[in-house]
Amino acid sequence: MITCQKHLFDLDPEFTYLNGAYMSPQMKAVHAVGMDTLSKKNQPWKVGLEDFFEPVEKLKRQFAELINVAEPQRIALIPSVSYGISNVTRNLKFRSGQNIILAGEQFPSNYYAWKRLADEHNLTLRIIAAPEDSNQRGKEWNQKILEAIDNETLVVSIGHVHWADGTRFDLKSIRNRTNDVDAYLIIDGTQSVGALKFDNSIFEVDALICGGYKWLMGAYGLGLAYFGPKFDNGIPIEENWIHRHNSQDFKNLVNYQEEYRPFANRYSVGEVSNFIYVSMLSKALEKIKDWGTENIQSYCHSISDHTINALRTKGCWIEEIDFRVNHLFGIRLPESIDIEKLKSKLQEKQIIVSYRGTAIRVSPHVYNDEAEFKKFLDCF
Ligand SMILES: Cc1ncc(COP(=O)(O)O)c(C=O)c1O
């Protein structure tokens, strides 16, 4: 079990930040390494050939270890989720008339590229909305997704958890079902990887796409992705020099190469060596490894459990633990609680959460503590 890690962050004690799903605060060590690498270019001769490659290779190894993938060359560095998903949609093999399964109200960067693919190639989007009735919501939603998969399914592309309310999707069962019908499984891990265990030896997804500034705790602008064997010979959405064979040989760059560097390298963004962001994300992953995702989950559970139970007795609805995660959950309010009044109370107390309609999204991390949850509860 870990203890509160607030001392590693530069948070203002006047504020209660329960909004890691929006973006994580930066660790002091992550900020420091970012400032160091920022300064390095003041004297460009200090940026050597090895700086283009080694930090990137290290980051790929770190992420591969985090998601339990044996081959770091299957990891790509991406500037955004939309970029990663576009590389996926460009490289699927499909027949006209097939269907694409998405969860209702999922994040737009995992929607628009599918919509375009469907419009351009006569494919159908099947959007599986959350059940209206909230009692068995997570369980029924998972069932509805499984039932929607049929012989004409090309792909299921969803989150491991829903970004708006933390509903957990049962990736193992979805993988089994997609395998039955030979469909791809693509996961947007932005709201989970880094805080929730993701073991690709179990889920065996075809691609995992993650923004890096939330639960991976990096800067805004660099994320990470995994591309499985089905993408090995694909065509990337852009053609950068560094992803071609032998790109480390700077003298011979115009000896143009047909071949890409292996596996997922081709799906990395141009200027992948982005010294500042790479060093920051790498430092953050070191810390996440020290903590361990299972400890992050149990820590978030330990600080929020009392509040969740108390809110339920006040008539609030929060998903059962089997179908949600501890680092991100939605609270649906009973009619007796006026959301506008609650919002102003939270604002007055400088407690930061997110709002969606009549639901509140709360997303804690190891920099929070039980006293902050108590303060939050007192506003109800
Ligand atoms: C589930 C999910 N995916 C992706 C993103 C960000 O997408 P992008 O990196 O394309 O801006 C967010 C941001 O909130 C998100 O919650």
# chains A, B, ... in the order shown; residues from 1 in each chain; ligands from 1

call {"tool": "closest_atom_pairs", "arguments": {"of": "chain A", "to": "ligand 1", "cutoff": "10 Å", "atoms": "only C-alpha atoms and all ligand atoms", "output": "tab-separated table"}}
result
residue	atom	partner	partner_atom_place_in_ligand_line	distance
A:Ala21	CA	ligand 1	16 (O)	6.8
A:Tyr22	CA	ligand 1	14 (O)	6.0
A:Met23	CA	ligand 1	14 (O)	7.9
A:Ile78	CA	ligand 1	9 (O)	8.7
A:Pro79	CA	ligand 1	9 (O)	6.9
A:Ser80	CA	ligand 1	9 (O)	3.4
A:Val81	CA	ligand 1	10 (O)	3.7
A:Ser82	CA	ligand 1	10 (O)	4.0
A:Tyr83	CA	ligand 1	10 (O)	6.7
A:Gly84	CA	ligand 1	10 (O)	8.2
A:Ile85	CA	ligand 1	10 (O)	8.5
A:Ser86	CA	ligand 1	10 (O)	10.0
A:Gln106	CA	ligand 1	1 (C)	6.9
A:Phe107	CA	ligand 1	1 (C)	5.0
A:Pro108	CA	ligand 1	4 (C)	7.4
A:Ser109	CA	ligand 1	10 (O)	4.7
A:Asn110	CA	ligand 1	3 (N)	6.6
A:Tyr111	CA	ligand 1	3 (N)	9.7
A:Ile158	CA	ligand 1	1 (C)	8.6
A:Gly159	CA	ligand 1	1 (C)	6.4
A:His160	CA	ligand 1	1 (C)	8.9
A:Val161	CA	ligand 1	1 (C)	8.0
A:His162	CA	ligand 1	1 (C)	6.9
A:Trp163	CA	ligand 1	1 (C)	4.8
A:Ala164	CA	ligand 1	16 (O)	7.5
A:Ile187	CA	ligand 1	1 (C)	9.5
A:Asp188	CA	ligand 1	3 (N)	6.0
A:Gly189	CA	ligand 1	1 (C)	6.9
A:Thr190	CA	ligand 1	2 (C)	5.0
A:Gln191	CA	ligand 1	1 (C)	5.3
A:Ser192	CA	ligand 1	1 (C)	8.5
A:Ile209	CA	ligand 1	3 (N)	8.4
A:Cys210	CA	ligand 1	4 (C)	7.1
A:Gly211	CA	ligand 1	9 (O)	5.0
A:Gly212	CA	ligand 1	9 (O)	8.0
A:Tyr213	CA	ligand 1	9 (O)	8.7
A:Lys214	CA	ligand 1	13 (C)	8.1
A:Tyr220	CA	ligand 1	9 (O)	8.7
A:Gly221	CA	ligand 1	9 (O)	7.6
A:Leu222	CA	ligand 1	9 (O)	8.4
A:Gly223	CA	ligand 1	9 (O)	7.4

call {"tool": "select_by_dssp", "arguments": {"residues": "range 217-246 of chain A", "states": "strand (DSSP E or B)", "output": "PyMOL selection string"}}
result
chain A and resi 223-227+244

call {"tool": "write_last_selection", "arguments": {"atoms": "N, CA and C atoms", "output": "short mmCIF file (atom, residue, chain, number, x, y, z; two decimals), in the first residue's frame"}}
result
data_model
loop_
_atom_site.label_atom_id
_atom_site.label_comp_id
_atom_site.auth_asym_id
_atom_site.auth_seq_id
_atom_site.Cartn_x
_atom_site.Cartn_y
_atom_site.Cartn_z
N GLY A 223 1.62 11.27 -26.42
CA GLY A 223 0.98 10.06 -25.92
C GLY A 223 1.70 8.83 -26.44
N LEU A 224 1.17 7.67 -26.10
CA LEU A 224 1.82 6.41 -26.48
C LEU A 224 0.78 5.43 -27.01
N ALA A 225 1.24 4.58 -27.92
CA ALA A 225 0.31 3.61 -28.51
C ALA A 225 1.03 2.28 -28.72
N TYR A 226 0.25 1.23 -28.73
CA TYR A 226 0.75 -0.10 -29.07
C TYR A 226 0.03 -0.53 -30.36
N PHE A 227 0.77 -1.09 -31.29
CA PHE A 227 0.15 -1.65 -32.51
C PHE A 227 0.55 -3.12 -32.61
N ARG A 244 12.31 5.46 -41.08
CA ARG A 244 12.81 4.57 -42.14
C ARG A 244 14.06 3.83 -41.67
#

call {"tool": "atom_distance", "arguments": {"atom1": "CA of Leu154 in chain A", "atom2": "CA of Asn68 in chain A"}}
result
25.6 Å

call {"tool": "residues_around", "arguments": {"residues": "range 246-258 of chain A", "least_positions_apart": "6", "cutoff": "9 Å", "atoms": "only C-alpha atoms", "output": "compact mmCIF listing (two decimals) with C-alpha atoms, in the first residue's frame"}}
result
# COMPACT_ATOMS: atom_id res chain seq x y z
CA LEU A 49 22.83 12.06 -32.26
CA GLU A 50 22.06 9.73 -29.36
CA PHE A 52 17.36 11.53 -31.14
CA PHE A 53 17.13 7.81 -30.43

call {"tool": "select_by_dssp", "arguments": {"residues": "range 143-271 of chain A", "states": "helix (DSSP H, G or I)", "output": "MDAnalysis selection string"}}
result
chainID A and resid 143:148 171:180 200:203 229:231 241:243 250:252 263:267

call {"tool": "write_last_selection", "arguments": {"atoms": "N, CA and C atoms", "output": "CSV table (one decimal), in the first residue's frame"}}
result
chain,number,residue,atom,x,y,z
A,143,GLN,N,-23.1,-6.2,-21.5
A,143,GLN,CA,-23.8,-7.2,-22.2
A,143,GLN,C,-24.3,-6.8,-23.6
A,144,LYS,N,-24.8,-5.5,-23.6
A,144,LYS,CA,-25.3,-4.9,-24.9
A,144,LYS,C,-24.1,-4.9,-25.9
A,145,ILE,N,-22.9,-4.6,-25.4
A,145,ILE,CA,-21.8,-4.5,-26.4
A,145,ILE,C,-21.5,-5.9,-26.9
A,146,LEU,N,-21.5,-6.9,-26.0
A,146,LEU,CA,-21.2,-8.3,-26.5
A,146,LEU,C,-22.2,-8.7,-27.5
A,147,GLU,N,-23.5,-8.4,-27.2
A,147,GLU,CA,-24.6,-8.9,-28.0
A,147,GLU,C,-24.6,-8.2,-29.4
A,148,ALA,N,-24.0,-7.0,-29.5
A,148,ALA,CA,-24.0,-6.2,-30.7
A,148,ALA,C,-23.0,-6.8,-31.7
A,171,LEU,N,-12.8,-6.2,-21.1
A,171,LEU,CA,-12.0,-6.4,-22.3
A,171,LEU,C,-11.8,-7.8,-22.7
A,172,LYS,N,-11.6,-8.6,-21.6
A,172,LYS,CA,-11.3,-10.0,-21.9
A,172,LYS,C,-12.5,-10.7,-22.6
A,173,SER,N,-13.7,-10.4,-22.1
A,173,SER,CA,-14.9,-11.0,-22.8
A,173,SER,C,-15.1,-10.4,-24.2
A,174,ILE,N,-14.8,-9.1,-24.3
A,174,ILE,CA,-15.0,-8.5,-25.6
A,174,ILE,C,-13.9,-9.0,-26.6
A,175,ARG,N,-12.7,-9.3,-26.1
A,175,ARG,CA,-11.7,-9.9,-26.9
A,175,ARG,C,-12.1,-11.3,-27.4
A,176,ASN,N,-12.6,-12.1,-26.5
A,176,ASN,CA,-13.1,-13.4,-26.9
A,176,ASN,C,-14.1,-13.4,-28.0
A,177,ARG,N,-15.1,-12.5,-27.8
A,177,ARG,CA,-16.2,-12.4,-28.7
A,177,ARG,C,-15.7,-11.9,-30.1
A,178,THR,N,-14.8,-10.8,-30.1
A,178,THR,CA,-14.3,-10.3,-31.3
A,178,THR,C,-13.4,-11.4,-32.0
A,179,ASN,N,-12.7,-12.2,-31.3
A,179,ASN,CA,-11.9,-13.3,-31.9
A,179,ASN,C,-12.9,-14.3,-32.6
A,180,ASP,N,-14.0,-14.5,-31.9
A,180,ASP,CA,-15.0,-15.5,-32.5
A,180,ASP,C,-15.3,-15.1,-34.0
A,200,ASN,N,-1.5,-6.7,-21.6
A,200,ASN,CA,-1.9,-7.1,-22.9
A,200,ASN,C,-1.7,-8.6,-23.2
A,201,SER,N,-1.1,-9.3,-22.3
A,201,SER,CA,-1.0,-10.7,-22.5
A,201,SER,C,-2.4,-11.3,-22.2
A,202,ILE,N,-3.2,-10.6,-21.5
A,202,ILE,CA,-4.6,-11.1,-21.3
A,202,ILE,C,-5.5,-10.5,-22.3
A,203,PHE,N,-5.4,-9.2,-22.6
A,203,PHE,CA,-6.4,-8.6,-23.5
A,203,PHE,C,-6.1,-8.7,-24.9
A,229,PRO,N,0.4,-7.2,-34.3
A,229,PRO,CA,0.9,-7.8,-35.6
A,229,PRO,C,0.0,-7.5,-36.8
A,230,LYS,N,-1.3,-7.2,-36.6
A,230,LYS,CA,-2.1,-6.9,-37.8
A,230,LYS,C,-1.7,-5.6,-38.5
A,231,PHE,N,-1.0,-4.8,-37.8
A,231,PHE,CA,-0.6,-3.5,-38.3
A,231,PHE,C,0.9,-3.5,-38.8
A,241,TRP,N,11.3,11.0,-42.0
A,241,TRP,CA,12.6,10.3,-42.2
A,241,TRP,C,13.0,9.3,-41.1
A,242,ILE,N,12.7,9.7,-39.9
A,242,ILE,CA,13.3,8.9,-38.8
A,242,ILE,C,12.8,7.5,-38.7
A,243,HIS,N,11.6,7.3,-39.3
A,243,HIS,CA,11.0,6.0,-39.1
A,243,HIS,C,11.4,5.0,-40.2
A,250,PHE,N,23.0,9.6,-40.2
A,250,PHE,CA,22.7,10.9,-40.7
A,250,PHE,C,23.4,11.3,-42.0
A,251,LYS,N,24.5,10.7,-42.3
A,251,LYS,CA,25.2,11.0,-43.5
A,251,LYS,C,24.5,10.5,-44.7
A,252,ASN,N,23.7,9.5,-44.5
A,252,ASN,CA,23.1,8.8,-45.7
A,252,ASN,C,21.6,9.0,-45.8
A,263,PHE,N,7.9,-3.0,-37.1
A,263,PHE,CA,6.7,-3.0,-36.4
A,263,PHE,C,6.0,-1.6,-36.3
A,264,ALA,N,5.9,-1.0,-35.1
A,264,ALA,CA,5.0,0.2,-34.9
A,264,ALA,C,5.8,1.5,-35.1
A,265,ASN,N,7.1,1.4,-35.4
A,265,ASN,CA,7.9,2.7,-35.5
A,265,ASN,C,7.2,3.6,-36.5
A,266,ARG,N,6.7,3.1,-37.6
A,266,ARG,CA,6.2,3.9,-38.7
A,266,ARG,C,5.0,4.7,-38.2
A,267,TYR,N,4.3,4.3,-37.1
A,267,TYR,CA,3.1,5.0,-36.7
A,267,TYR,C,3.4,6.1,-35.7

call {"tool": "closest_residue", "arguments": {"among": "A:Val278, A:Leu196, A:Cys379, A:Met217", "to": "Lys60 in chain A", "atoms": "only C-alpha atoms"}}
result
A:Val278

call {"tool": "residues_around", "arguments": {"residues": "Val325 in chain A", "least_positions_apart": "3", "cutoff": "9 Å", "atoms": "only C-alpha atoms", "output": "short mmCIF file (atom, residue, chain, number, x, y, z; two decimals) with C-alpha atoms, in the first residue's frame"}}
result
data_model
loop_
_atom_site.label_atom_id
_atom_site.label_comp_id
_atom_site.auth_asym_id
_atom_site.auth_seq_id
_atom_site.Cartn_x
_atom_site.Cartn_y
_atom_site.Cartn_z
CA VAL A 161 -13.17 2.68 -18.92
CA GLY A 166 -15.56 5.39 -15.19
CA THR A 167 -17.69 2.43 -16.33
CA ARG A 168 -15.30 -0.46 -16.81
CA SER A 192 -7.08 4.16 -17.61
CA LEU A 196 -5.38 0.85 -13.89
CA GLN A 297 -6.25 1.64 -7.38
CA HIS A 301 -10.30 3.17 -3.04
CA ILE A 321 -17.13 -1.56 -7.95
CA ASP A 322 -17.17 -4.57 -10.31
CA LEU A 328 -12.66 7.81 -11.97
CA PHE A 329 -16.32 7.58 -11.10
#

call {"tool": "atom_distance", "arguments": {"atom1": "CA of Ala130 in chain A", "atom2": "CA of Pro334 in chain A"}}
result
18.7 Å

call {"tool": "atom_distance", "arguments": {"atom1": "CA of Asn91 in chain A", "atom2": "CA of Asn233 in chain A"}}
result
8.9 Å

call {"tool": "closest_residue", "arguments": {"among": "A:Ala310, A:Leu8, A:Val366, A:Ile100", "to": "Ile127 in chain A", "atoms": "only C-alpha atoms"}}
result
A:Ile100

call {"tool": "residues_around", "arguments": {"residues": "Glu294 in chain A", "least_positions_apart": "4", "cutoff": "8 Å", "atoms": "only C-alpha atoms", "output": "list in words"}}
result
Ala195, Leu196, Lys197 and Ser298 of chain A

call {"tool": "closest_atom_pairs", "arguments": {"of": "range 279-309 of chain A", "to": "range 272-275 of chain A", "cutoff": "12 Å", "atoms": "only C-alpha atoms", "output": "tab-separated table"}}
result
residue	atom	partner	partner_atom	distance
A:Ser279	CA	A:Phe275	CA	6.1
A:Met280	CA	A:Phe275	CA	8.6
A:Leu281	CA	A:Phe275	CA	10.3
A:Ser282	CA	A:Phe275	CA	10.6

call {"tool": "write_last_selection", "arguments": {"atoms": "N, CA and C atoms", "output": "PDB file, in the first residue's frame"}}
result
ATOM      1  N   SER A 279      11.411  13.236 -22.380  1.00  0.00           N
ATOM      2  CA  SER A 279      12.064  13.112 -21.070  1.00  0.00           C
ATOM      3  C   SER A 279      11.029  13.218 -19.943  1.00  0.00           C
ATOM      4  N   MET A 280      10.029  14.070 -20.131  1.00  0.00           N
ATOM      5  CA  MET A 280       9.018  14.259 -19.077  1.00  0.00           C
ATOM      6  C   MET A 280       8.155  13.008 -18.904  1.00  0.00           C
ATOM      7  N   LEU A 281       7.725  12.455 -20.033  1.00  0.00           N
ATOM      8  CA  LEU A 281       6.860  11.269 -19.943  1.00  0.00           C
ATOM      9  C   LEU A 281       7.643  10.085 -19.376  1.00  0.00           C
ATOM     10  N   SER A 282       8.905  10.013 -19.752  1.00  0.00           N
ATOM     11  CA  SER A 282       9.750   8.938 -19.267  1.00  0.00           C
ATOM     12  C   SER A 282       9.915   9.027 -17.742  1.00  0.00           C
TER      13      SER A 282
END

call {"tool": "residues_around", "arguments": {"residues": "range 340-350 of chain A", "least_positions_apart": "3", "cutoff": "7 Å", "atoms": "only C-alpha atoms", "output": "VMD selection string"}}
result
chain A and resid 15 to 16 379 to 380
